[in-house]
file structure_23.pdb (PDB, C-alpha atoms)
ATOM      1  CA  MET A   1      39.525  -2.834 -14.314
ATOM      2  CA  GLN A   2      38.117  -5.574 -16.545
ATOM      3  CA  ILE A   3      35.449  -6.354 -13.965
ATOM      4  CA  LEU A   4      34.325  -2.705 -13.905
ATOM      5  CA  ASP A   5      34.272  -2.550 -17.708
ATOM      6  CA  GLY A   6      32.232  -5.756 -17.787
ATOM      7  CA  TYR A   7      29.801  -4.346 -15.228
ATOM      8  CA  CYS A   8      29.402  -1.119 -17.212
ATOM      9  CA  GLN A   9      28.812  -2.982 -20.472
ATOM     10  CA  THR A  10      26.381  -5.456 -18.898
ATOM     11  CA  ILE A  11      24.175  -2.912 -17.138
ATOM     12  CA  THR A  12      24.167  -0.678 -20.214
ATOM     13  CA  ARG A  13      23.194  -3.648 -22.384
ATOM     14  CA  VAL A  14      20.342  -4.570 -20.011
ATOM     15  CA  ASN A  15      19.092  -0.976 -19.896
ATOM     16  CA  ARG A  16      19.355  -0.673 -23.694
ATOM     17  CA  TRP A  17      17.262  -3.811 -24.114
ATOM     18  CA  LEU A  18      14.664  -2.553 -21.618
ATOM     19  CA  ALA A  19      14.518   0.857 -23.343
ATOM     20  CA  ILE A  20      13.922  -0.807 -26.707
ATOM     21  CA  ALA A  21      11.255  -3.070 -25.215
ATOM     22  CA  ALA A  22       9.601  -0.119 -23.460
ATOM     23  CA  SER A  23       9.687   1.875 -26.689
ATOM     24  CA  SER A  24       7.353  -0.664 -28.253
ATOM     25  CA  LEU A  25       4.727   0.512 -25.770
ATOM     26  CA  VAL A  26       4.456   3.732 -27.794
ATOM     27  CA  PHE A  27       2.918   1.769 -30.673
ATOM     28  CA  ILE A  28       0.344   0.271 -28.333
ATOM     29  CA  MET A  29      -0.444   3.703 -26.866
ATOM     30  CA  VAL A  30      -0.900   5.183 -30.357
ATOM     31  CA  ALA A  31      -3.188   2.309 -31.364
ATOM     32  CA  VAL A  32      -5.262   2.634 -28.185
ATOM     33  CA  ILE A  33      -5.645   6.412 -28.500
ATOM     34  CA  SER A  34      -6.447   6.087 -32.227
ATOM     35  CA  TYR A  35      -9.112   3.518 -31.410
ATOM     36  CA  GLU A  36     -10.551   5.865 -28.795
ATOM     37  CA  VAL A  37     -10.666   8.780 -31.244
ATOM     38  CA  VAL A  38     -12.398   6.701 -33.927
ATOM     39  CA  ALA A  39     -14.842   5.153 -31.436
ATOM     40  CA  ARG A  40     -15.668   8.515 -29.852
ATOM     41  CA  TYR A  41     -15.937  10.798 -32.874
ATOM     42  CA  PHE A  42     -17.053   8.462 -35.656
ATOM     43  CA  PHE A  43     -19.274   6.026 -33.762
ATOM     44  CA  ASP A  44     -20.209   8.156 -30.735
ATOM     45  CA  ALA A  45     -19.121   5.242 -28.519
ATOM     46  CA  PRO A  46     -16.281   6.335 -26.227
ATOM     47  CA  THR A  47     -14.444   3.703 -24.249
ATOM     48  CA  ILE A  48     -13.979   3.635 -20.494
ATOM     49  CA  TRP A  49     -10.511   2.132 -20.712
ATOM     50  CA  ALA A  50      -8.458   3.768 -23.503
ATOM     51  CA  LEU A  51      -7.179   6.876 -21.745
ATOM     52  CA  GLU A  52      -6.413   4.984 -18.558
ATOM     53  CA  LEU A  53      -4.611   2.193 -20.415
ATOM     54  CA  SER A  54      -2.507   4.766 -22.258
ATOM     55  CA  THR A  55      -1.606   6.388 -18.960
ATOM     56  CA  LEU A  56      -0.701   3.027 -17.422
ATOM     57  CA  LEU A  57       1.531   2.244 -20.423
ATOM     58  CA  LEU A  58       3.223   5.643 -20.314
ATOM     59  CA  GLY A  59       4.577   4.938 -16.812
ATOM     60  CA  PRO A  60       6.608   1.841 -17.763
ATOM     61  CA  TYR A  61       7.731   3.544 -20.993
ATOM     62  CA  PHE A  62       9.060   6.534 -19.092
ATOM     63  CA  LEU A  63      10.526   4.558 -16.187
ATOM     64  CA  LEU A  64      12.265   1.821 -18.172
ATOM     65  CA  ALA A  65      13.684   4.082 -20.881
ATOM     66  CA  GLY A  66      15.158   6.598 -18.406
ATOM     67  CA  PRO A  67      18.230   4.657 -17.258
ATOM     68  CA  TYR A  68      19.402   4.086 -20.846
ATOM     69  CA  PHE A  69      18.864   7.753 -21.665
ATOM     70  CA  LEU A  70      21.282   8.536 -18.851
ATOM     71  CA  HIS A  71      23.895   6.531 -20.760
ATOM     72  CA  THR A  72      23.132   8.199 -24.101
ATOM     73  CA  ALA A  73      22.960  11.691 -22.526
ATOM     74  CA  GLY A  74      19.393  11.949 -23.790
ATOM     75  CA  HIS A  75      18.276  14.047 -20.832
ATOM     76  CA  VAL A  76      18.301  17.820 -20.694
ATOM     77  CA  ASN A  77      21.795  19.227 -20.426
ATOM     78  CA  VAL A  78      23.170  22.769 -20.336
ATOM     79  CA  ASP A  79      25.369  22.337 -23.395
ATOM     80  CA  ILE A  80      26.225  26.031 -23.542
ATOM     81  CA  LEU A  81      28.429  25.654 -20.464
ATOM     82  CA  TYR A  82      29.352  21.996 -20.800
ATOM     83  CA  SER A  83      30.690  22.311 -24.363
ATOM     84  CA  LYS A  84      33.167  24.994 -23.230
ATOM     85  CA  LEU A  85      34.754  22.726 -20.604
ATOM     86  CA  SER A  86      37.978  20.856 -21.248
ATOM     87  CA  PRO A  87      37.560  17.060 -21.481
ATOM     88  CA  ARG A  88      39.122  16.610 -18.038
ATOM     89  CA  ILE A  89      36.941  19.234 -16.360
ATOM     90  CA  ALA A  90      33.884  17.791 -18.136
ATOM     91  CA  ALA A  91      34.775  14.349 -16.767
ATOM     92  CA  ILE A  92      35.154  15.812 -13.275
ATOM     93  CA  ALA A  93      31.773  17.546 -13.616
ATOM     94  CA  ASP A  94      30.246  14.264 -14.814
ATOM     95  CA  THR A  95      31.694  12.498 -11.774
ATOM     96  CA  GLY A  96      29.948  14.947  -9.480
ATOM     97  CA  ILE A  97      26.675  14.758 -11.409
ATOM     98  CA  TYR A  98      26.643  10.945 -11.428
ATOM     99  CA  ALA A  99      27.484  10.859  -7.722
ATOM    100  CA  VAL A 100      24.449  13.057  -7.038
ATOM    101  CA  ILE A 101      22.288  10.765  -9.197
ATOM    102  CA  VAL A 102      23.534   7.771  -7.181
ATOM    103  CA  VAL A 103      22.483   9.456  -3.924
ATOM    104  CA  ILE A 104      19.102  10.558  -5.305
ATOM    105  CA  SER A 105      18.473   7.072  -6.721
ATOM    106  CA  CYS A 106      19.174   5.512  -3.323
ATOM    107  CA  ILE A 107      16.731   7.899  -1.654
ATOM    108  CA  LEU A 108      14.055   7.203  -4.262
ATOM    109  CA  ILE A 109      14.540   3.437  -3.962
ATOM    110  CA  TYR A 110      14.237   3.682  -0.188
ATOM    111  CA  GLN A 111      11.079   5.782  -0.469
ATOM    112  CA  SER A 112       9.392   3.820  -3.293
ATOM    113  CA  ILE A 113       9.800   0.252  -2.021
ATOM    114  CA  PRO A 114       7.226   0.626   0.811
ATOM    115  CA  ILE A 115       4.775   2.288  -1.590
ATOM    116  CA  ALA A 116       5.143  -0.542  -4.105
ATOM    117  CA  GLN A 117       4.897  -3.154  -1.356
ATOM    118  CA  ASN A 118       1.724  -1.573   0.002
ATOM    119  CA  SER A 119       0.258  -1.486  -3.499
ATOM    120  CA  ILE A 120       1.054  -5.185  -4.035
ATOM    121  CA  ASP A 121      -0.288  -6.189  -0.610
ATOM    122  CA  SER A 122      -3.567  -4.370  -1.152
ATOM    123  CA  GLY A 123      -3.978  -5.417  -4.786
ATOM    124  CA  GLU A 124      -4.380  -1.728  -5.607
ATOM    125  CA  THR A 125      -6.663  -0.759  -8.477
ATOM    126  CA  SER A 126      -7.441   2.592 -10.048
ATOM    127  CA  PHE A 127     -10.962   3.106  -8.670
ATOM    128  CA  SER A 128     -12.259   4.032 -12.120
ATOM    129  CA  SER A 129     -15.203   2.381 -13.833
ATOM    130  CA  TRP A 130     -12.737   0.136 -15.690
ATOM    131  CA  ASN A 131     -10.774  -0.445 -12.441
ATOM    132  CA  PRO A 132      -7.554  -2.099 -13.659
ATOM    133  CA  ALA A 133      -4.826  -3.244 -11.293
ATOM    134  CA  ILE A 134      -2.180  -0.565 -10.935
ATOM    135  CA  TRP A 135       0.129  -2.414  -8.555
ATOM    136  CA  PRO A 136       2.221  -3.809 -11.455
ATOM    137  CA  VAL A 137       3.006  -0.274 -12.614
ATOM    138  CA  LYS A 138       3.778   0.887  -9.072
ATOM    139  CA  THR A 139       6.093  -2.108  -8.678
ATOM    140  CA  LEU A 140       8.128  -0.820 -11.617
ATOM    141  CA  ILE A 141       8.949   2.401  -9.780
ATOM    142  CA  PRO A 142      11.590   0.969  -7.398
ATOM    143  CA  VAL A 143      12.770  -1.407 -10.142
ATOM    144  CA  ALA A 144      13.356   1.559 -12.451
ATOM    145  CA  PHE A 145      15.215   3.468  -9.740
ATOM    146  CA  ILE A 146      17.399   0.410  -9.083
ATOM    147  CA  LEU A 147      18.201   0.298 -12.799
ATOM    148  CA  LEU A 148      18.918   4.042 -12.717
ATOM    149  CA  LEU A 149      21.207   3.512  -9.718
ATOM    150  CA  LEU A 150      23.097   0.724 -11.477
ATOM    151  CA  GLN A 151      23.449   2.789 -14.672
ATOM    152  CA  SER A 152      24.573   5.882 -12.770
ATOM    153  CA  ILE A 153      27.236   3.798 -11.013
ATOM    154  CA  ALA A 154      28.392   2.551 -14.422
ATOM    155  CA  GLU A 155      28.518   6.124 -15.742
ATOM    156  CA  LEU A 156      30.377   7.228 -12.602
ATOM    157  CA  PHE A 157      33.026   4.557 -13.204
ATOM    158  CA  THR A 158      33.307   5.630 -16.837
ATOM    159  CA  ALA A 159      33.717   9.293 -15.872
ATOM    160  CA  ILE A 160      36.398   8.395 -13.332
ATOM    161  CA  GLN A 161      38.207   6.403 -16.035
ATOM    162  CA  ARG A 162      38.061   9.437 -18.335
ATOM    163  CA  ILE A 163      39.720  11.540 -15.618
ATOM    164  CA  SER A 164      42.402   8.902 -15.078
ATOM    165  CA  VAL A 165      43.117   8.537 -18.792
ATOM    166  CA  ARG A 166      43.469  12.300 -19.155
ATOM    167  CA  GLU A 167      45.845  12.455 -16.172
ATOM    168  CA  GLU A 168      47.997   9.598 -17.475
ATOM    169  CA  ALA A 169      48.176  11.222 -20.898
ATOM    170  CA  GLY A 170      49.290  14.472 -19.278
ATOM    171  CA  VAL A 171      46.297  16.423 -20.508
TER     172      VAL A 171
END
call {"tool": "encode", "arguments": {"input": "structure_23.pdb", "output": "structure tokens"}}
result
Amino acid sequence: MQILDGYCQTITRVNRWLAIAASSLVFIMVAVISYEVVARYFFDAPTIWALELSTLLLGPYFLLAGPYFLHTAGHVNVDILYSKLSPRIAAIADTGIYAVIVVISCILIYQSIPIAQNSIDSGETSFSSWNPAIWPVKTLIPVAFILLLLQSIAELFTAIQRISVREEAGV
């Protein structure tokens, strides 16, 4: 059981660190968009790169923060029903939900690896006038789904432990 607890703590710690690091991208996006607004409306000199850079930064922000939000229950949840469940039934429901996330994550990893590999092999760019490389962002897609898979496995173990604790306590 110690090994599972260590795994859960380690993957959650890694995903927390990545979410914090990815959150710093918001400050860069705000600065870039602010620069674009000032350049466009005050100096009548719009950029060719600001909107695209913001979009390219939003992808890693979204992808790398997602697995940690799974741990913190930061995603949308139907609390009206969930809050009425007993702790044991809630843990059983969580077990089913996390098992589904594990399966979906595996499918998305399987589907996204060839896309990322193709993007790397071709040195894919955006085809805009700025034309930045987008293969680094596409490479993050399977990485993020692997992190989501690892976090969902950790949450699955935690939910199973909650069921076991409730059963041992006679609840």
call {"tool": "resolve_selection", "arguments": {"input": "structure_23.pdb", "expression": "the PyMOL selection byres ((chain A and resi 145) around 9)", "output": "list in words"}}
result
Leu63, Pro67, Ser105, Cys106, Leu108, Ile109, Ser112, Leu140, Ile141, Pro142, Val143, Ala144, Ile146, Leu147, Leu148, Leu149 and Leu150 of chain A
call {"tool": "closest_residue", "arguments": {"input": "structure_23.pdb", "among": "A:Ile113, A:Val165, A:Ile107, A:Val137", "to": "A:Phe62", "atoms": "only C-alpha atoms"}}
result
A:Val137
call {"tool": "resolve_selection", "arguments": {"input": "structure_23.pdb", "expression": "the PyMOL selection byres ((chain A and resi 95) around 10)", "output": "PyMOL selection string"}}
result
chain A and resi 89-94+96-101+152-153+155-163
call {"tool": "atom_distance", "arguments": {"input": "structure_23.pdb", "atom1": "atom CA of A:Tyr68", "atom2": "atom CA of A:Val14"}}
result
8.7 Å
call {"tool": "resolve_selection", "arguments": {"input": "structure_23.pdb", "expression": "the PyMOL selection byres ((chain A and resi 8) around 9)", "output": "MDAnalysis selection string"}}
result
chainID A and resid 3:7 9:13 150:151 153:155 157:158
call {"tool": "atom_distance", "arguments": {"input": "structure_23.pdb", "atom1": "atom CA of A:Ser54", "atom2": "atom CA of A:Val37"}}
result
12.8 Å
call {"tool": "build_atoms", "arguments": {"input": "structure_23.pdb", "residues": "stretch 147-163 of chain A", "atoms": "N, CA and C atoms", "output": "mmCIF file, in the coordinates of the input"}}
result
data_model
loop_
_atom_site.group_PDB
_atom_site.id
_atom_site.type_symbol
_atom_site.label_atom_id
_atom_site.label_comp_id
_atom_site.auth_asym_id
_atom_site.auth_seq_id
_atom_site.Cartn_x
_atom_site.Cartn_y
_atom_site.Cartn_z
ATOM 1 N N LEU A 147 17.513 0.283 -11.507
ATOM 2 C CA LEU A 147 18.201 0.298 -12.799
ATOM 3 C C LEU A 147 18.922 1.630 -13.022
ATOM 4 N N LEU A 148 18.277 2.730 -12.611
ATOM 5 C CA LEU A 148 18.918 4.042 -12.717
ATOM 6 C C LEU A 148 20.154 4.105 -11.824
ATOM 7 N N LEU A 149 20.059 3.554 -10.624
ATOM 8 C CA LEU A 149 21.207 3.512 -9.718
ATOM 9 C C LEU A 149 22.358 2.733 -10.343
ATOM 10 N N LEU A 150 22.060 1.552 -10.871
ATOM 11 C CA LEU A 150 23.097 0.724 -11.477
ATOM 12 C C LEU A 150 23.730 1.414 -12.685
ATOM 13 N N GLN A 151 22.903 2.086 -13.508
ATOM 14 C CA GLN A 151 23.449 2.789 -14.672
ATOM 15 C C GLN A 151 24.264 4.000 -14.249
ATOM 16 N N SER A 152 23.813 4.713 -13.213
ATOM 17 C CA SER A 152 24.573 5.882 -12.770
ATOM 18 C C SER A 152 25.914 5.469 -12.161
ATOM 19 N N ILE A 153 25.959 4.316 -11.518
ATOM 20 C CA ILE A 153 27.236 3.798 -11.013
ATOM 21 C C ILE A 153 28.154 3.468 -12.191
ATOM 22 N N ALA A 154 27.597 2.859 -13.229
ATOM 23 C CA ALA A 154 28.392 2.551 -14.422
ATOM 24 C C ALA A 154 28.923 3.835 -15.062
ATOM 25 N N GLU A 155 28.080 4.854 -15.158
ATOM 26 C CA GLU A 155 28.518 6.124 -15.742
ATOM 27 C C GLU A 155 29.546 6.818 -14.856
ATOM 28 N N LEU A 156 29.401 6.663 -13.540
ATOM 29 C CA LEU A 156 30.377 7.228 -12.602
ATOM 30 C C LEU A 156 31.744 6.581 -12.812
ATOM 31 N N PHE A 157 31.761 5.252 -12.933
ATOM 32 C CA PHE A 157 33.026 4.557 -13.204
ATOM 33 C C PHE A 157 33.644 5.026 -14.516
ATOM 34 N N THR A 158 32.821 5.190 -15.531
ATOM 35 C CA THR A 158 33.307 5.630 -16.837
ATOM 36 C C THR A 158 33.885 7.043 -16.751
ATOM 37 N N ALA A 159 33.221 7.927 -16.025
ATOM 38 C CA ALA A 159 33.717 9.293 -15.872
ATOM 39 C C ALA A 159 35.042 9.315 -15.116
ATOM 40 N N ILE A 160 35.133 8.480 -14.084
ATOM 41 C CA ILE A 160 36.398 8.395 -13.332
ATOM 42 C C ILE A 160 37.515 7.876 -14.239
ATOM 43 N N GLN A 161 37.204 6.908 -15.080
ATOM 44 C CA GLN A 161 38.207 6.403 -16.035
ATOM 45 C C GLN A 161 38.645 7.503 -16.993
ATOM 46 N N ARG A 162 37.708 8.341 -17.427
ATOM 47 C CA ARG A 162 38.061 9.437 -18.335
ATOM 48 C C ARG A 162 39.007 10.422 -17.655
ATOM 49 N N ILE A 163 38.812 10.658 -16.356
ATOM 50 C CA ILE A 163 39.720 11.540 -15.618
ATOM 51 C C ILE A 163 41.096 10.901 -15.538
#
